[in-house]
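Pasted below: target16.csv, CSV, C-alpha atoms.
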chain,number,residue,atom,x,y,z
A,293,TRP,CA,4.0,-8.3,30.3
A,294,ALA,CA,4.3,-8.0,34.1
A,295,ARG,CA,0.9,-9.7,34.6
A,296,ALA,CA,1.9,-12.6,32.3
A,297,PHE,CA,5.4,-12.9,33.7
A,298,PRO,CA,5.4,-11.5,37.2
A,299,LYS,CA,8.9,-12.9,38.0
A,300,GLN,CA,12.1,-13.0,36.0
A,301,CYS,CA,13.7,-16.4,35.3
A,302,PRO,CA,17.2,-16.3,36.7
A,303,ILE,CA,18.5,-18.4,33.9
A,304,GLU,CA,16.9,-16.3,31.1
A,305,TYR,CA,18.0,-13.0,32.8
A,306,SER,CA,21.6,-14.2,33.6
A,307,GLU,CA,24.2,-11.5,33.4
A,308,THR,CA,27.0,-14.1,33.0
A,309,ASP,CA,25.7,-16.6,30.5
A,310,ARG,CA,26.5,-15.4,27.0
A,311,MET,CA,24.4,-15.8,23.8
A,312,ARG,CA,24.1,-14.7,20.2
A,313,TRP,CA,21.1,-13.3,18.4
A,314,HIS,CA,20.2,-11.2,15.4
A,315,ALA,CA,18.6,-7.7,15.5
A,316,TRP,CA,17.5,-5.2,12.9
A,317,GLU,CA,19.7,-2.1,12.8
A,318,PRO,CA,19.8,0.8,10.3
A,319,ARG,CA,22.7,0.8,7.8
A,320,LEU,CA,23.8,3.5,5.5
A,321,ARG,CA,23.0,2.6,1.9
A,322,GLY,CA,23.9,5.8,0.1
A,323,THR,CA,22.6,9.3,-0.5
A,324,SER,CA,19.7,10.7,-2.4
A,325,LYS,CA,19.8,13.3,-5.1
A,326,ASP,CA,19.4,16.1,-2.6
A,327,GLY,CA,22.3,14.7,-0.5
A,328,SER,CA,20.3,13.3,2.4
A,329,PRO,CA,21.5,9.9,3.7
A,330,TYR,CA,19.5,6.8,2.7
A,331,MET,CA,19.2,4.2,5.5
A,332,ALA,CA,18.0,0.6,5.3
A,333,ASP,CA,17.4,-1.9,8.0
A,334,GLU,CA,19.6,-5.0,8.1
A,335,LEU,CA,19.6,-8.1,10.2
A,336,VAL,CA,22.9,-8.1,12.0
A,337,PRO,CA,24.4,-10.5,14.6
A,338,ARG,CA,24.6,-9.4,18.2
A,339,ASP,CA,26.6,-10.9,21.2
A,340,GLY,CA,25.9,-10.3,24.8
A,341,ALA,CA,24.5,-11.6,28.1
A,342,ARG,CA,21.1,-13.3,28.2
A,343,ALA,CA,19.8,-10.5,30.4
A,344,GLN,CA,20.7,-8.0,27.6
A,345,PHE,CA,18.8,-10.0,25.0
A,346,MET,CA,15.8,-10.3,27.3
A,347,ARG,CA,15.7,-6.6,27.9
A,348,GLU,CA,15.9,-5.8,24.2
A,349,PHE,CA,13.3,-8.5,23.4
A,350,ARG,CA,10.9,-7.3,26.1
A,351,ALA,CA,11.2,-3.7,24.8
A,352,ASP,CA,10.5,-4.8,21.3
A,353,VAL,CA,7.4,-6.9,22.3
A,354,GLU,CA,6.0,-4.0,24.4
A,355,MET,CA,6.4,-1.7,21.4
A,356,TYR,CA,5.0,-4.3,18.9
A,357,LEU,CA,1.8,-5.2,20.8
A,358,PRO,CA,0.0,-1.8,20.6
A,359,HIS,CA,1.3,-1.3,17.1
A,360,ILE,CA,-0.3,-4.5,15.7
A,361,TRP,CA,-3.5,-3.8,17.5
A,362,GLU,CA,-3.5,-0.3,15.9
A,363,VAL,CA,-3.0,-1.8,12.5
A,364,ARG,CA,-5.8,-4.3,13.0
A,365,LEU,CA,-8.1,-1.5,14.2
A,366,MET,CA,-7.2,0.7,11.2
A,367,ARG,CA,-7.9,-2.2,8.8
A,368,HIS,CA,-11.2,-2.8,10.6
A,369,ALA,CA,-12.1,0.9,10.4
A,370,VAL,CA,-11.3,1.0,6.7
A,371,ARG,CA,-13.4,-2.1,6.1
A,372,LEU,CA,-16.4,-0.4,7.9
A,373,PHE,CA,-15.9,2.8,5.9
A,374,GLU,CA,-15.9,0.9,2.7
A,375,GLU,CA,-19.2,-0.8,3.7
A,376,ARG,CA,-20.9,2.4,4.8
A,377,LYS,CA,-19.5,5.2,2.6
A,378,ASP,CA,-22.0,7.3,0.7
A,379,GLN,CA,-22.7,7.6,-3.1
A,380,VAL,CA,-20.4,10.6,-3.6
A,381,THR,CA,-17.2,9.2,-2.0
A,382,ALA,CA,-14.4,7.2,-3.7
A,383,THR,CA,-11.7,5.3,-1.8
A,384,ARG,CA,-8.2,5.0,-3.3
A,385,HIS,CA,-5.5,2.5,-2.1
A,386,SER,CA,-2.1,3.2,-3.8
A,387,ASP,CA,1.3,1.7,-3.4
A,388,TYR,CA,4.5,1.6,-5.5
A,389,ALA,CA,5.1,-1.9,-6.8
A,390,SER,CA,8.2,-3.5,-8.2
A,391,GLN,CA,9.7,-1.9,-11.3
A,392,VAL,CA,8.6,-3.4,-14.6
A,393,PRO,CA,11.4,-4.4,-16.9
A,394,ILE,CA,11.4,-3.3,-20.6
A,395,VAL,CA,12.0,-6.3,-22.8
A,396,ARG,CA,14.5,-5.4,-25.5
A,397,ALA,CA,17.7,-6.7,-27.0
A,398,SER,CA,20.8,-5.7,-24.9
A,399,THR,CA,24.4,-6.7,-24.4
A,400,ALA,CA,27.0,-5.9,-21.8
A,401,THR,CA,28.5,-3.2,-24.0
A,402,CYS,CA,25.9,-1.6,-26.2
A,403,ALA,CA,22.9,-1.3,-24.0
A,404,SER,CA,21.7,-1.8,-20.5
A,405,LYS,CA,18.4,-3.3,-19.4
A,406,GLU,CA,15.8,-0.6,-18.6
A,407,SER,CA,12.8,-0.6,-16.3
A,408,ILE,CA,9.9,1.7,-15.4
A,409,ASN,CA,8.3,2.6,-12.1
A,410,ASN,CA,4.9,1.3,-11.4
A,411,CYS,CA,2.4,2.8,-8.9
A,412,VAL,CA,-0.7,0.7,-8.5
A,413,SER,CA,-4.0,2.3,-7.4
A,414,VAL,CA,-7.2,0.5,-6.5
A,415,ILE,CA,-10.2,2.8,-6.6
A,416,GLY,CA,-13.6,1.9,-5.3
A,417,PHE,CA,-16.8,3.9,-5.6
A,418,LYS,CA,-20.6,3.6,-6.1
A,419,PRO,CA,-21.3,1.1,-3.2
A,420,ARG,CA,-24.5,-0.9,-3.5
A,421,ASN,CA,-26.3,-4.0,-2.1
A,422,VAL,CA,-26.6,-7.0,-4.3
A,423,GLU,CA,-28.0,-10.5,-3.9
A,424,VAL,CA,-25.4,-13.3,-4.1
A,425,PRO,CA,-26.1,-17.0,-4.2
A,426,LEU,CA,-25.4,-19.2,-1.1
A,427,ARG,CA,-23.7,-22.6,-1.2
A,428,ARG,CA,-26.3,-24.8,0.4
A,429,GLN,CA,-26.4,-28.4,1.4
A,430,ALA,CA,-29.1,-30.6,0.0
A,431,HIS,CA,-31.0,-30.7,3.2
A,432,ALA,CA,-31.0,-26.9,3.5
A,433,ALA,CA,-32.5,-26.6,0.0
A,434,ALA,CA,-35.2,-29.1,0.9
A,435,GLU,CA,-36.1,-27.2,4.1
A,436,GLY,CA,-36.7,-24.0,2.1
A,437,GLU,CA,-33.8,-22.0,3.6
A,438,PRO,CA,-32.9,-18.8,1.7
A,439,SER,CA,-30.7,-19.4,-1.4
A,440,THR,CA,-29.2,-15.9,-1.5
A,441,ARG,CA,-27.8,-13.3,0.9
A,442,THR,CA,-27.3,-9.6,0.7
A,443,ALA,CA,-23.7,-8.4,0.1
A,444,ARG,CA,-22.1,-5.0,-0.2
A,445,ARG,CA,-20.4,-4.5,-3.5
A,446,GLN,CA,-18.9,-1.5,-5.3
A,447,THR,CA,-17.3,-0.5,-8.7
A,448,VAL,CA,-13.6,-1.0,-8.7
A,449,LEU,CA,-10.9,0.4,-11.0
A,450,ILE,CA,-7.3,-0.6,-11.0
A,451,ALA,CA,-4.8,1.9,-12.4
A,452,PHE,CA,-1.2,1.4,-13.2
A,453,GLY,CA,0.8,4.6,-13.2
A,454,MET,CA,4.0,3.9,-15.1
A,455,PHE,CA,6.9,6.3,-15.7
A,456,ALA,CA,10.6,6.3,-16.3
A,457,ASN,CA,12.8,5.2,-13.4
A,458,THR,CA,15.0,8.3,-14.0
A,459,ASN,CA,12.2,10.1,-12.1
A,460,LYS,CA,12.1,9.4,-8.4
A,461,PRO,CA,8.9,7.6,-7.1
A,462,ASP,CA,8.4,10.2,-4.4
A,463,ALA,CA,5.5,12.3,-3.1
A,464,ARG,CA,5.5,14.6,-6.1
A,465,SER,CA,5.0,11.8,-8.7
A,466,PHE,CA,2.4,10.3,-6.4
A,467,ASN,CA,0.4,13.5,-6.2
A,468,VAL,CA,0.6,14.0,-9.9
A,469,GLN,CA,-0.9,10.6,-10.5
A,470,ALA,CA,-3.5,11.1,-7.8
A,471,ALA,CA,-4.6,14.4,-9.4
A,472,ASP,CA,-4.9,12.6,-12.8
A,473,LEU,CA,-7.0,9.8,-11.3
A,474,ASP,CA,-9.3,12.2,-9.5
A,475,SER,CA,-9.8,14.2,-12.7
A,476,ILE,CA,-10.5,11.1,-14.8
A,477,LEU,CA,-13.1,9.9,-12.3
A,478,LYS,CA,-14.8,13.3,-12.2
A,479,THR,CA,-14.5,14.7,-15.7
A,480,GLY,CA,-13.1,11.8,-17.8
A,481,GLU,CA,-10.0,13.8,-18.7
A,482,SER,CA,-6.4,13.6,-17.3
A,483,ILE,CA,-4.4,16.7,-16.3
A,484,HIS,CA,-0.8,15.7,-16.6
A,485,GLY,CA,-0.1,12.3,-18.2
A,486,GLU,CA,-1.4,9.9,-20.7
A,487,TRP,CA,-3.9,7.3,-19.5
A,488,PHE,CA,-5.4,4.4,-21.4
A,489,TYR,CA,-8.6,2.4,-20.8
A,490,MET,CA,-9.8,-0.6,-22.7
A,491,GLY,CA,-7.2,-0.2,-25.4
A,492,LYS,CA,-7.9,3.5,-26.0
A,493,ARG,CA,-6.3,6.7,-24.8
A,494,LEU,CA,-8.3,9.0,-22.6
A,495,PRO,CA,-8.6,12.7,-23.3
A,496,GLY,CA,-6.4,15.3,-21.6
A,497,GLY,CA,-2.8,15.3,-20.5
A,498,LYS,CA,0.1,17.8,-21.2
A,499,LEU,CA,2.3,15.2,-22.9
A,500,ARG,CA,0.6,13.3,-25.7
A,501,ALA,CA,2.8,11.1,-27.9
A,502,GLU,CA,1.9,9.9,-31.3
A,503,LEU,CA,0.0,6.6,-31.1
A,504,PRO,CA,0.6,3.4,-33.0
A,505,ALA,CA,-2.0,2.2,-35.5
A,506,ALA,CA,-3.4,-0.3,-33.1
A,507,ILE,CA,-4.3,2.3,-30.4
A,508,THR,CA,-6.9,5.1,-30.9
A,509,ASP,CA,-8.2,8.0,-28.9
A,510,TYR,CA,-11.6,8.3,-27.3
A,511,GLU,CA,-13.7,10.8,-29.1
A,512,GLY,CA,-14.8,12.6,-25.9
A,513,PRO,CA,-14.4,12.5,-22.1
A,514,GLN,CA,-15.2,9.2,-20.3
A,515,PRO,CA,-16.1,10.2,-16.7
A,516,PHE,CA,-16.5,7.1,-14.5
A,517,PHE,CA,-17.8,8.9,-11.4
A,518,PRO,CA,-19.1,12.4,-12.3
A,519,GLU,CA,-21.0,12.7,-9.0
A,520,MET,CA,-17.8,12.3,-6.9
A,521,LYS,CA,-17.3,15.0,-4.2
A,522,ARG,CA,-14.6,13.5,-2.0
A,523,VAL,CA,-11.8,10.9,-2.1
A,524,MET,CA,-10.3,9.1,0.8
A,525,GLU,CA,-6.7,8.0,0.3
A,526,VAL,CA,-5.5,4.9,2.2
A,527,THR,CA,-1.8,4.5,2.5
A,528,ASP,CA,0.0,1.4,3.6
A,529,GLY,CA,1.6,3.1,6.7
A,530,ALA,CA,5.2,2.8,5.4
A,531,LEU,CA,6.9,5.9,6.8
A,532,SER,CA,9.8,5.7,4.4
A,533,GLN,CA,7.5,5.2,1.3
A,534,PHE,CA,8.0,8.7,0.0
A,535,ASP,CA,11.1,10.9,0.4
A,536,ASN,CA,12.5,9.2,3.5
A,537,ARG,CA,9.8,9.6,6.2
A,538,THR,CA,8.6,13.1,5.1
A,539,HIS,CA,5.6,12.1,2.9
A,540,TYR,CA,3.0,13.0,5.4
A,541,HIS,CA,3.3,16.7,5.0
A,542,GLN,CA,3.9,16.4,1.3
A,543,THR,CA,0.7,14.4,0.6
A,544,ALA,CA,-1.5,16.4,2.9

When written as structure tokens, how does the structure in this file appear?
Amino acid sequence: WARAFPKQCPIEYSETDRMRWHAWEPRLRGTSKDGSPYMADELVPRDGARAQFMREFRADVEMYLPHIWEVRLMRHAVRLFEERKDQVTATRHSDYASQVPIVRASTATCASKESINNCVSVIGFKPRNVEVPLRRQAHAAAEGEPSTRTARRQTVLIAFGMFANTNKPDARSFNVQAADLDSILKTGESIHGEWFYMGKRLPGGKLRAELPAAITDYEGPQPFFPEMKRVMEVTDGALSQFDNRTHYHQTA
């Protein structure tokens, strides 16, 4: 900042001229089941001197610049890891999505609309090189240039972990789903919940409800990645994602 702006503009840094701006500030939204306060950022108006705004703005920019570069470097590192990981490693990207509404008849007095939590996990494994066609111009084809290129591909599964919104989408529910997905990849059986693939229910699980006539069970385990030895979990970096900024020690 000092190299780009070696001198302060007397108009922008005026202590007498007033201005209004908006800034993000934490606001109390309520309390969780364990009694801890729940805060959420809100864009609120501010009033003060121009110099006050410039000091706050400069501090925010100085904090933002290394953060955005760290995010870009992390994304680049994850991309390199995906391209170069071995044949016994799986990568899992998980995040809680918007709640899914349950479509059913309801009125203002006899029933309330319900919804369920939804944790989406994208799992990649078994990387390999494949030949993919190139889009070529007519002159390139005539000159005999290659028509394909080598690309890195992998097998990808997308899992939707759904459960009642009466249970908090916290680190515990996250770890339960992660354990189930790891077990399904390795052994083809779940540990805790019910999981379905291609219209059939996978083996395992402690709670197994009666199925409708249109859905059947697999006759045996369906392992997708039996040679798996390790899993790398990639989080989105949201510190308040699980249990209000304490998910790091809970998911470790």

Take CA of Val468 in chain A and CA of Glu511 in chain A and report the distance between them in Å, one decimal.
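Result for CA of Val468 in chain A versus CA of Glu511 in chain A: 24.2 Å, one decimal.
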
Which residues are close to Phe516 in chain A, i.e. within 12 Å by all atoms listed in the file, leaving aside same-chain residues fewer than 6 positions away? Reply as number ranges by chain.
A: 382, 415-418, 447-449, 473-481, 489, 494

Please measure the separation of CA of His385 in chain A and CA of Asn409 in chain A, giving the value in Å to one decimal.
17.0 Å

Write out as number ranges by chain which residues come within 12 Å of Phe373 in chain A when counting only C-alpha atoms, dropping same-chain ones fewer than 4 positions away.
A: 366-369, 377-378, 381-383, 416-417, 419, 444, 524-526

Write out as a PyMOL selection string which residues come within 9 Å of Ile507 in chain A when counting all atoms listed in the file, dropping same-chain ones fewer than 5 positions away.
chain A and resi 491-493

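We find CA of Pro461 in chain A and CA of Tyr388 in chain A to be spaced 7.6 Å apart.
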
Restricting to all atoms listed in the file, whichever of A:Ala505, A:Met490, A:Val370, A:Ala315 is closest to Val336 in chain A is A:Ala315

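Around the coordinate (13.5, -5.0, 10.3), residues that reach within 8 Å when counting only C-alpha atoms are Ala315, Trp316, Glu317, Asp333, Glu334 and Leu335 of chain A.
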
Write a file of the selected residues as a tab-separated table (two decimals), in the frame of the given file, keeping C-alpha atoms.
chain	number	residue	atom	x	y	z
A	315	ALA	CA	18.60	-7.70	15.50
A	316	TRP	CA	17.50	-5.20	12.90
A	317	GLU	CA	19.70	-2.10	12.80
A	333	ASP	CA	17.40	-1.90	8.00
A	334	GLU	CA	19.60	-5.00	8.10
A	335	LEU	CA	19.60	-8.10	10.20
